[in-house]
Structures are given as structure tokens and as C-alpha cells.
Amino acid sequence: MVFQIILLIMLAYVVGFIYFGLYRNITARIQGRYRPTVYQSFYDSIKLFSKKQSVSYGWMFYLGPIIMATGAVLTLILVPVFSDSDFLRSVTSQGNLFVLLYLMVLGPLGNALAVGTGGNPFGVMGVVRGLTRLIGLELPFYIAVVGLIIAANSSDIVHIIDMQKIGGLNIINHPLLFIGAMISMVGFFGESPFDIPGAPQEVYSGPRTEFSGKFLALLMSQGSLFAFAKLVLIVDLFLGGADSLEMLVLKTFAIFVSIIFIGIVYGRYKVEQAVDFLMKLPTLIAVLGLARVVWFG
Amino acid sequence: MNSIFLLLNLLPILFLYQFEGALHVSLPLTNEFTLSLIQTPLGSFFAYLSLISFLLVTIAQKSKKLSFSYYALQFLLSLAMLAIVLAGDFITFFIGWEIMTWSSYFIISKSNNMNIKSLQKYILFSLASAFSLIAGIVIAYSFANSFDFVAISNSFESMPFNIKVALIVLFSLSFFTKAGVIGLHYWVVDTYSKAPDLFSSILSAVMSKMGIYGLFLIYGNIIGYHELKIMFGTMLNGTDFGYVLAWIGVATSIIATFKAITQDEVKKLLAYSSIAQLGYIVAVIGFGTSYGVAGAMYHTLIHTIIKLLLFINVAAIVAQTGKNKFSELGGLIYRTPVSFVMLLIGIIGLAGMPPLGGFASKFMMYNAAIDTKFALILIGMLFSGAASFLYCYKLVYGIYLGHPTSKSLESTKEVSIHYLIPQIILALLLVLTGAFPGAFIKVINPILKEFSLSTIGYDGLGVMQSAVGNFNGFFIISAFVVIFLLILLLIWRIKSKAKNNLNRFDISYCGEVPTADTSLHYGYGFGTELYRIKFVNAILKRSSSHFYESLATQTKKTSELFSRMYYGNIHNTMIIILLFFSALFFLGVN
Amino acid sequence: MFGLDKGDKMESGFYGSSLKCKFEESGLANTHAIMEKAVRWFESRSIFVVAYGTGCGAIEMPPTFTSRYDAERMGVVGVATPRQADLIILSGYLAYKTLRRVIRTYEQMQKPRYIMSLGSCPINGGMYWDSYNTIKKLDDYIPVDVAVTGCMPRPEAVIDGFVLLQERIRNGEKAGWEKYDENLKFYKDNQKRVLGGHVDPAYETDWYNLNGGGIA
């Protein structure tokens, strides 16, 4: 089991970094630039890990990124990656969707403590923006997840995957919930128009302002692990999971590319605009989907 | 003095050594009325909660010089609460309720911050709660001819429907007032924030729970969830009644959460957060399913632990620094590290994050909502949970993180050990309730039997089973710790030199050099963004105080009207009043 | 010349001293050298830039980083804060007032860190050669790694500067930050001379940090 966990983390690390490399590639091409190599994020990570100095403001600052990484790894191992095999089944059966919903916020909150300890007002501003955004951002996603749980009558992800094998994919059965969840996902990936917390032109780099060297590297690495976990979660919930590595890569990449394409064409909302928007249209869409689940099966 | 009352607080355990049936006293007053104390599982659950809370708060009070009368009143209060939760009839219950009100009133009045207006608010609402309670009791007595819980419960079915509804409304109003449901929460914030600092923990952790106990007693024991279902019909998989109650609870929770974020006073934030958390309990208490009851119970326990922890922590900080506002605190993390860790554990619980007990209770409540298919209720709860992260972060940031906002804060020392001991115990409890949710199910199952609901499964001590998925608290917490340590080890081994103990002004500040005069703490501006969000602004700009103030004005005008009848001669006025009532009496007789 | 003993301030990176000792013990010093080379290659392929627009040269940076010339293809990316940056680009003349901020920003960057200057003003004062409040030779105050000449240098020249810097990093040549540590007194004295009474507070500098001790 330990071996499988290490394998999974390595897979997620590689896939996550390549995805981010591709993300930078695609962004560059859309903007009419040449492009960096696909491995560029990997280079950045190695370089940051081998920096000779990294600044720290005391033990809480030191532990913050580690809590965040812990949250990401825990999320990763609790999401069922392969639907058919027994791969890590004994671990994933311990978690459920509610645990995942909260684990997804645990990391950022842990890091927020480190940001607060760093004492940079811009960092805290970023955190507060992030938490305020969360009020709106979680809403469509919560509704979608609740809809799926009620439809499957189980918060166990494996069960939700199995249900889709019998009754068809959730993306077809519950398209409204899927749209709601995807709009939230754009924000969870830090894409425009919801990239408010780390807006470089406004609040320095937001929560990451004071992080350097190995801490920044850890944040970047956990970011790619976490991104992979989130993609797998969406695939599990709406696309019926994946039974082989190729299907996994194909499905997660499809989701990832669609998120990029949404994100790249928009400007940035202000935080109140984002929450206002998220509370209106996406929530309405998701609630309609939910009503369909609750009242019409 | 402190030690004596510490021992006195331990005394009731002699009578409550068992969970059920260790205590059965009945004291006949007349032929009709009997005072009786009976230990039921529900009662002993709350009895233990209050006993442990009083014990821990008394430990913390050792750090303060308090008078004998204060301790005596507090002991009286603890006995009154025991009387409430162990009462077997409404007379005992009401006596306990009244003693609780008055003894707490005198303790609160001892606070230096207290003003007469807040005190009046407290006593008025307490009296309103008591009046509504006694009205309910009298109505119930007139039908059952007995004050005994069992007798009333037995005769409830045969009462007319409108009487049933009246009873439910009267009792609910009384207990809602105590728990601080939105609209009736007007007294809560003022009282909690102005009461003596350590006593606020009792108010929030235990006294508000008496309202919850009352609700359990009425809905679960006396009326019975089954009867509620028959009375009001079902909706989805729950009851109509539960659905209405759930919306009240969810509205309470959401509104109070947003109000909490914008507070500048630490204890006011905690007070609003207390209202919000009790909103969750009210939301699930009426579901009438095993999971609903279990979730409400679990959250009652967790909220008691968390609010004790947080209020004691804040009391210690206020005692140490003399400041009680976020805009005046800040940067205490390396000056009071143990307090910081304790508060951190507290807010992890308050936010409902997975490794600790806060998540286990929320999971139970969410499961209850899934079980009854109350999807919008569940979303409301999740939404309020997501918003609560903001005030959790404000709490920890405003006090401990960021920069000290004044010179005196920089020389703050760690708080007294008497404050820390109860906090450490509570933090351990919070970890244990998160790691062993199954153990708590074991405690709850007898209560579910008492309510004649089906019991809940558990798999060992670590796993809580539910209809829609299991929660393995032990696995989550151990996996978290293991992964955390491994990553820590990895980062530790990377010899990229971490420059520790950096000066707090050495921050990236666009090339500028901040000084002690630069305002770097974000404690004050926290939550101002919320006013710009339309939906939240709509909530924030409304306040129940308008309603109550206009009510007070109207009442004043009415009494002025009556006072005109008095024209200087007391005898004549008395005679007129006497004649008026006699006329009414005769009319009534005829 | 004014520096401290070299042995004291050798700080170790990812594949640093602990690994080095192990490799030397087991006769794998060669592997260590290869690893260091690999790390240097990664470092050269990933340069985070904080662009400090001090003068007219700032206008050359947008085309360098955007569609026309796209520095990202060489791994050169802009970041917002000095904490994350490896390279600071000073694009033009520096008034004394600016110099203070530049020194502060430079010292907040984490080692290894590099400086690139654009235009002739940071080299010899350029058209501000007789100005009363502009520094003439930037290298006297902070160690410039790459000075791109021209008034102004075109983006091609800036990219040429990046390539030069990458080559230097790859070859493991002695970089400016090492010189800065070694000759700290020299640089600090020069800085104090022009900044006069506005000497930076002690915590801004690595002055007290070089012996591996805590900071004042």
C-alpha cells in the first residue's frame, strides 16, 4: 500500500507538472507567443528546491506550506484514481465526499496561518480575498456535489462511479450540476475571472508574497498534486472515473483544457463581483439541476 | 476558596456515577405536586457536559481573585442546571430554570464592563423565556392534570390539535430564546461580550445548551418525534415540522456567521459564532431521524468543548494584555505560543476541519440532511460553514498573527498556567472526539433508544457509520499526522538555509522600509469586503435591534397612556382598578 | 578583500554539504560534481525576474516578455515579489532615492541572485553624467552580473543578456552575490557615502547574517 501511495504521488507529480507545462504552452500559443518547454514547471521546481536560501519568519511560517502539502497529498490518496482495479481501494474507502470537500480547504487555511505569521499585509489581503471568494465559489460546487450524493444516495465516491457504470455518465444525466461544478472549478484552479487572491497587479503575489526557495517550491509541487487530485475528482464524479492510465490522462486532460480555455479569455473580477456573479447564474443553474435530482429522481 | 469550590463541583459525580438510573429522588410537596429528579441518558449527557464545563472554568478562575459570593452563585448556577437536566417534572424544571436565570444575572452584573441596559436586556429576555415556558407548563397541566413528564407525554396525543401547536410554539420560543435563535438573539451578543470574561464561556458553552436540552426534551421525550411526524405530515424523508425548524436554524447560522465576521470585539465575534453554531443544532434537531438527533447531540458536545476553549483562551489574552479588540491586538504568536496552539486547535474544530472533532459532528449533521433529502438545508449549512472560515481566520489572525498594534503587546508574556490547563484538556478532548467518533455513537445510542429511534452503527471506536458513507476519524487523523511528519522531514532535509527569526519588519513591501508606525496589521479592515457584496450587505445592514427598539418605544407610549389614569390620588386610582377587575370577574363568572 | 573567511559562509543548497560529505566518503565526488552541474543547468533554465523599472528602459521590458520576443521560451518569467525572484533587472539610471529601494529589494532576494542592468546610465552615468542626484557606476554599490549596453538596448539585446547570464550560471562562474558577500564592507561603504544619513536599518542587510548567526 505504501508503495502504491508513493507511486500515485509520483504519477500525480509528473502528470501535474506536465499539465502545468502544457497549460503554459497553450496559454503562450493563444497569446501568440512562442512557448516554453513542457517541462518548464519542473525546471522551476528543481531550481527553487536548490535555492541556497529561503526566508522564514518562525516555526508557524515553516509549517504552513507543509500543512498545505499534507492536505493536498491526503486529498490525492483519498480520491479513487482507477475505478476498476483495487488500486489503493483500502485507503480510498476510508474517505468520502464530505471529507474531501473540507480537505480541499484545509491546506489553504493552514497556509493562511503561515501568511499571517509572515506579517506581510499584502499576503493577508490575498488570504482574505481568497476566503471571501470562497463564500461564492464553493456554492455551485457544493450544490453539484450534494446533488450527486442525493442521486447516488451515498457520499462514497466509489459508489458514485459504480452508479455511473449502470445508469450512464453523470455529465449526461446531470448536465446542469456539471456546469455548476465546472464554473467553480475554474476558480479552484485559480483561473480568470476568479484569480483574485494572488492578483499580481493588485496585491503583490497575494498569499505567496513572502514565500521563497524551498517553501515556494513546496507550494508549487503541492499545487500540481492538488490540481491532479481535483481533476481526478471531477472525472470520478461526472465522467465515470477511469479504468486505465490512458483513459485517466485523456479524461483529466479534457477537463483541464476546457478549464484553461474558459480561464484564458476573461479578465479578472473584483472579489465582490465574483461572489455576486457566482451567487446568481452558476448557483441558479446548479439549483435547477439539484431540484431535478431531488424531485424527479 | 477556589479549591473548595473545585471539590464542591466534583460532588455531584457521586450521584451520577452511571449513565442511567443512578439517581431517582422524588420529594412529595403536597398530594398533587411532587418534585422529582430522574437520571435519563439524555439528562446525564447534558449533566456531564455542564459538570465538566464548570470544573474546567473553575480551574481557570484560580488565576483571578474572585469573591466568595461569586463562587457561591456559580455553584448555585451549576446545581440549577443539574436540576434542569435531571428534572422528572415541570415544577423541578421550572425551579431550576428560574434559579439559573437569577444566579447568572447576579454573576453577570458583577462584571466591570456591564451597563444597566445590557443587564435589562438579559433579564427581560430571560423573563420572557420563563413566561413562555410557564404558560406552556400551565396549558399542559390543564390537560394532563400532572406536571410529570411521563404523564404529560402520555396525555399529549389526546390533546386538541391547536393546543398541541400552542404548546410546541410556547416551549420552542422559550428554548429558542435561551439558545439565541435569530430574532430572539438580541440579548446574546451584549451579554456574552460584557459578562465577566471567564463566565462568558459558561454562558456560551453550557447555558445556551439548556435551551437545546429543552428542545430535545420537548421534541424527543415529551411529544416524541413520531408524534411530530403524525401531527405535521412528512416532507421528502423528514417531517414538515423539521423542515420549517431547519430553515430557522440555517437562517440563524448564515446571518450570525456574516455578522460575526464584521465584529471588531473578540468576544462579540465569539458570541455571534455561538449563535451560528447553535443554529446548526436547531436546524437538525427537528429532522426526527436518528442521524438528525445524533448530529445535534454531537454538535452540542463539540460546540461546548470549542466555546469553552475559545472563551477561556480569549479571557486569558484579555487578562494578559487588557485589550479586547482585533484592531488593538495582534502579533502574539511567538510571545504566547501555547495559547496560540490552543486557539488554533479550537478554530480548526470551529471551522469543522477533518482531523478534529468539529468535522465529525458536521459530518453527522450533513448525513442527516442527506438522509432526509433536505438538499437546500444541507447547502445552507455548507454555505455557512464556508463563510465561517473567514471569522475563524479573523480570530486567529487578529489576535496572534500579523503585527503587534501597540508597544505594550511586544512585551506580553505567556498566560498563566491556570488558564492553560483547561485549554489543554479541552484541546485533547477535541482531538479525541475527532479520532474516535465511534465512541461517541456508543454514548448516543441509549439516548436514541430513549427517543424510540433506531440506533446508529459504529465499527470499533474509530469509525462512524451512516446511511450514506462511513467516516473513519482515526484513519484520517493518523494519515494526516504521518504525511505531515514525512513532508516535514523531507523539507527539513533540504539544506536550503532557512533564515529564521527574521525581523518582523523585513517583509517585501515594494522596496520600502516599514517602521513601527506603519500600519501593517490587517485586523481592523477584515470583513469590510463583505459590505460590498450585495447579498451579504443586505444581511449585514439589517438588525433586530430596530425591531426591539421600536417595540420598546411603543411599550413606553402605551404605559404613558395608562399613567394618565393616575391623577395624583393613589387611593382613588386603586379603587378604580379594583372596580375594573371586579367588574371583569363578575362578567367572567356570568 | 574585505570579506570574511570563505569557509564560514559556504551555504549549501539542495545537493549541498551533507550529500557532498557522503559522496566524498564513498568516493563519489564525481557524481556530486555531475549533480551540481545538473542543478546549475536547471537554475539557468529557470530565471524568475523582478523587473525594476527605474528609468526609460522599462519600456523595453514588455516586448521582451510578451508575444513579440517571449522570454518565457528560455525559462525567463516575471514575478511580482523579490522573495521569489532570481534576477532583478534595473532598466536605466538610478537616483539616490531609487538606489535605496533597489538595495533593499536586492537584499530581499534569496541567494543565488543576479542583477542585470539595461542601458548606459548604470555603467557610467550616461546622459546623467553630471547629475547631482544620480549614481554613475552601479557596480560600485551593488554587484551587476550582466550589463546590457545601448541607449536603450533593444529586446534582442536584453535576450542576449539573458543568454549570457544563463551561460555564466551553467559554467558556475563566480556570480555577483558571491562578490557582494566577500566585499560587503566595500559595497556598504560606497552605499553609505551616497545615501548619507539614510543608512538602511540593520535588519535590511545580510550584514549580521554572514557568520551564520542570528540577526540583530
# chains A, B, ... in the order shown; residues from 1 in each chain; ligands from 1
>>> select_by_dssp(residues="range 13-116 of chain A", states="alpha helix (DSSP H)", output="PyMOL selection string")
chain A and resi 13-30+40-49+59-78+89-92+97-116
>>> residues_around(residues="Asp130 in chain C", least_positions_apart="6", cutoff="12 Å", atoms="only C-alpha atoms", output="ChimeraX atom specification")
/C:121,124,136
>>> residues_around(residues="Thr433 in chain B", least_positions_apart="2", cutoff="12 Å", atoms="only C-alpha atoms", output="PyMOL selection string")
chain B and resi 298-299+301-303+305-306+349+354-361+426-431+435-441+443+461-464+472-474+477
>>> residues_around(residues="Lys268 in chain B", least_positions_apart="3", cutoff="10 Å", atoms="only C-alpha atoms", output="MDAnalysis selection string")
chainID B and resid 188:194 259:265 271:274 324:325
>>> write_last_selection(atoms="N, CA and C atoms", output="short mmCIF file (atom, residue, chain, number, x, y, z; two decimals), in the first residue's frame")
data_model
loop_
_atom_site.label_atom_id
_atom_site.label_comp_id
_atom_site.auth_asym_id
_atom_site.auth_seq_id
_atom_site.Cartn_x
_atom_site.Cartn_y
_atom_site.Cartn_z
N VAL B 188 -28.11 38.10 23.36
CA VAL B 188 -26.96 37.18 23.44
C VAL B 188 -25.64 37.94 23.33
N VAL B 189 -25.53 38.75 22.25
CA VAL B 189 -24.23 39.33 21.95
C VAL B 189 -23.78 40.27 23.06
N ASP B 190 -24.70 41.12 23.51
CA ASP B 190 -24.35 42.04 24.57
C ASP B 190 -23.93 41.32 25.83
N THR B 191 -24.75 40.32 26.19
CA THR B 191 -24.48 39.63 27.45
C THR B 191 -23.16 38.87 27.40
N TYR B 192 -22.96 38.12 26.30
CA TYR B 192 -21.73 37.33 26.21
C TYR B 192 -20.51 38.23 26.22
N SER B 193 -20.62 39.37 25.52
CA SER B 193 -19.41 40.17 25.38
C SER B 193 -19.14 41.00 26.62
N LYS B 194 -20.17 41.28 27.41
CA LYS B 194 -19.94 42.15 28.57
C LYS B 194 -19.88 41.37 29.88
N LYS B 259 -22.56 38.23 10.45
CA LYS B 259 -22.43 39.26 11.48
C LYS B 259 -21.12 39.07 12.24
N ALA B 260 -20.78 37.81 12.49
CA ALA B 260 -19.57 37.54 13.27
C ALA B 260 -18.33 38.08 12.56
N ILE B 261 -18.30 37.94 11.23
CA ILE B 261 -17.09 38.33 10.51
C ILE B 261 -16.81 39.82 10.67
N THR B 262 -17.86 40.62 10.78
CA THR B 262 -17.64 42.06 10.77
C THR B 262 -17.43 42.65 12.17
N GLN B 263 -17.41 41.81 13.20
CA GLN B 263 -17.23 42.35 14.55
C GLN B 263 -15.78 42.75 14.79
N ASP B 264 -15.61 43.78 15.58
CA ASP B 264 -14.25 44.18 15.95
C ASP B 264 -13.89 43.67 17.34
N GLU B 265 -14.90 43.46 18.17
CA GLU B 265 -14.63 42.98 19.52
C GLU B 265 -14.54 41.46 19.50
N ALA B 271 -19.50 35.45 20.31
CA ALA B 271 -20.93 35.37 20.63
C ALA B 271 -21.73 35.07 19.38
N TYR B 272 -21.44 35.80 18.31
CA TYR B 272 -22.17 35.54 17.06
C TYR B 272 -21.87 34.14 16.54
N SER B 273 -20.61 33.73 16.68
CA SER B 273 -20.27 32.39 16.23
C SER B 273 -21.03 31.35 17.04
N SER B 274 -21.23 31.65 18.32
CA SER B 274 -22.00 30.74 19.16
C SER B 274 -23.43 30.64 18.65
N ASN B 324 -9.31 44.04 24.11
CA ASN B 324 -10.30 43.04 23.69
C ASN B 324 -10.81 43.30 22.28
N LYS B 325 -10.03 44.04 21.48
CA LYS B 325 -10.48 44.29 20.11
C LYS B 325 -9.43 43.81 19.13
#
>>> select_by_dssp(residues="range 22-210 of chain C", states="strand (DSSP E or B)", output="ChimeraX atom specification")
/C:47-52,76-78,87-91,95,114-118,134,146-148
>>> write_last_selection(atoms="N, CA and C atoms", output="PDB file, in the first residue's frame")
ATOM      1  N   ILE C  47      14.659  31.273 -14.700  1.00  0.00           N
ATOM      2  CA  ILE C  47      15.064  32.525 -14.068  1.00  0.00           C
ATOM      3  C   ILE C  47      13.818  33.366 -13.818  1.00  0.00           C
ATOM      4  N   PHE C  48      13.564  33.627 -12.544  1.00  0.00           N
ATOM      5  CA  PHE C  48      12.426  34.462 -12.188  1.00  0.00           C
ATOM      6  C   PHE C  48      12.913  35.905 -12.075  1.00  0.00           C
ATOM      7  N   VAL C  49      12.214  36.770 -12.759  1.00  0.00           N
ATOM      8  CA  VAL C  49      12.695  38.139 -12.875  1.00  0.00           C
ATOM      9  C   VAL C  49      11.777  39.092 -12.128  1.00  0.00           C
ATOM     10  N   VAL C  50      12.372  39.943 -11.301  1.00  0.00           N
ATOM     11  CA  VAL C  50      11.600  41.079 -10.828  1.00  0.00           C
ATOM     12  C   VAL C  50      12.116  42.291 -11.603  1.00  0.00           C
ATOM     13  N   ALA C  51      11.225  42.863 -12.412  1.00  0.00           N
ATOM     14  CA  ALA C  51      11.631  43.938 -13.313  1.00  0.00           C
ATOM     15  C   ALA C  51      11.456  45.266 -12.608  1.00  0.00           C
ATOM     16  N   TYR C  52      12.561  45.915 -12.344  1.00  0.00           N
ATOM     17  CA  TYR C  52      12.510  47.167 -11.587  1.00  0.00           C
ATOM     18  C   TYR C  52      12.668  48.315 -12.574  1.00  0.00           C
ATOM     19  N   VAL C  76      12.590  32.384 -18.743  1.00  0.00           N
ATOM     20  CA  VAL C  76      12.651  33.648 -18.012  1.00  0.00           C
ATOM     21  C   VAL C  76      11.231  34.161 -17.812  1.00  0.00           C
ATOM     22  N   VAL C  77      10.821  34.224 -16.561  1.00  0.00           N
ATOM     23  CA  VAL C  77       9.445  34.592 -16.246  1.00  0.00           C
ATOM     24  C   VAL C  77       9.454  35.760 -15.276  1.00  0.00           C
ATOM     25  N   GLY C  78       8.498  36.641 -15.409  1.00  0.00           N
ATOM     26  CA  GLY C  78       8.378  37.734 -14.456  1.00  0.00           C
ATOM     27  C   GLY C  78       7.637  37.295 -13.206  1.00  0.00           C
ATOM     28  N   LEU C  87      16.512  37.163 -10.427  1.00  0.00           N
ATOM     29  CA  LEU C  87      17.203  38.202 -11.185  1.00  0.00           C
ATOM     30  C   LEU C  87      16.426  39.496 -11.040  1.00  0.00           C
ATOM     31  N   ILE C  88      17.160  40.579 -10.820  1.00  0.00           N
ATOM     32  CA  ILE C  88      16.495  41.884 -10.825  1.00  0.00           C
ATOM     33  C   ILE C  88      17.026  42.660 -12.023  1.00  0.00           C
ATOM     34  N   ILE C  89      16.118  43.188 -12.808  1.00  0.00           N
ATOM     35  CA  ILE C  89      16.532  43.978 -13.968  1.00  0.00           C
ATOM     36  C   ILE C  89      16.363  45.446 -13.628  1.00  0.00           C
ATOM     37  N   LEU C  90      17.452  46.188 -13.662  1.00  0.00           N
ATOM     38  CA  LEU C  90      17.401  47.618 -13.398  1.00  0.00           C
ATOM     39  C   LEU C  90      17.486  48.319 -14.735  1.00  0.00           C
ATOM     40  N   SER C  91      16.383  48.952 -15.123  1.00  0.00           N
ATOM     41  CA  SER C  91      16.329  49.407 -16.506  1.00  0.00           C
ATOM     42  C   SER C  91      16.583  50.898 -16.590  1.00  0.00           C
ATOM     43  N   ALA C  95      18.527  57.232  -9.440  1.00  0.00           N
ATOM     44  CA  ALA C  95      18.717  58.332  -8.497  1.00  0.00           C
ATOM     45  C   ALA C  95      19.048  57.734  -7.138  1.00  0.00           C
ATOM     46  N   TYR C 114      20.876  37.487  -8.984  1.00  0.00           N
ATOM     47  CA  TYR C 114      21.666  38.146 -10.020  1.00  0.00           C
ATOM     48  C   TYR C 114      21.072  39.509 -10.339  1.00  0.00           C
ATOM     49  N   ILE C 115      21.926  40.373 -10.916  1.00  0.00           N
ATOM     50  CA  ILE C 115      21.479  41.702 -11.299  1.00  0.00           C
ATOM     51  C   ILE C 115      21.788  41.915 -12.765  1.00  0.00           C
ATOM     52  N   MET C 116      20.835  42.452 -13.491  1.00  0.00           N
ATOM     53  CA  MET C 116      21.090  42.853 -14.864  1.00  0.00           C
ATOM     54  C   MET C 116      20.746  44.326 -14.984  1.00  0.00           C
ATOM     55  N   SER C 117      21.624  45.083 -15.601  1.00  0.00           N
ATOM     56  CA  SER C 117      21.331  46.495 -15.794  1.00  0.00           C
ATOM     57  C   SER C 117      21.171  46.764 -17.278  1.00  0.00           C
ATOM     58  N   LEU C 118      20.247  47.638 -17.612  1.00  0.00           N
ATOM     59  CA  LEU C 118      19.996  47.969 -19.011  1.00  0.00           C
ATOM     60  C   LEU C 118      20.465  49.395 -19.287  1.00  0.00           C
ATOM     61  N   THR C 134      22.232  61.397  -9.210  1.00  0.00           N
ATOM     62  CA  THR C 134      22.178  60.112  -9.900  1.00  0.00           C
ATOM     63  C   THR C 134      23.527  59.413  -9.739  1.00  0.00           C
ATOM     64  N   VAL C 146      25.227  41.229 -15.299  1.00  0.00           N
ATOM     65  CA  VAL C 146      25.215  41.460 -16.738  1.00  0.00           C
ATOM     66  C   VAL C 146      24.789  42.897 -16.987  1.00  0.00           C
ATOM     67  N   ALA C 147      25.623  43.638 -17.711  1.00  0.00           N
ATOM     68  CA  ALA C 147      25.236  44.993 -18.078  1.00  0.00           C
ATOM     69  C   ALA C 147      24.969  45.011 -19.576  1.00  0.00           C
ATOM     70  N   VAL C 148      23.707  45.239 -19.932  1.00  0.00           N
ATOM     71  CA  VAL C 148      23.344  45.286 -21.346  1.00  0.00           C
ATOM     72  C   VAL C 148      23.460  46.734 -21.791  1.00  0.00           C
TER      73      VAL C 148
END
>>> residues_around(residues="Ala387 in chain B", least_positions_apart="5", cutoff="8 Å", atoms="only C-alpha atoms", output="list in words")
Leu131, Thr132, Leu134 and Ile135 of chain A; Thr257 and Phe258 of chain B
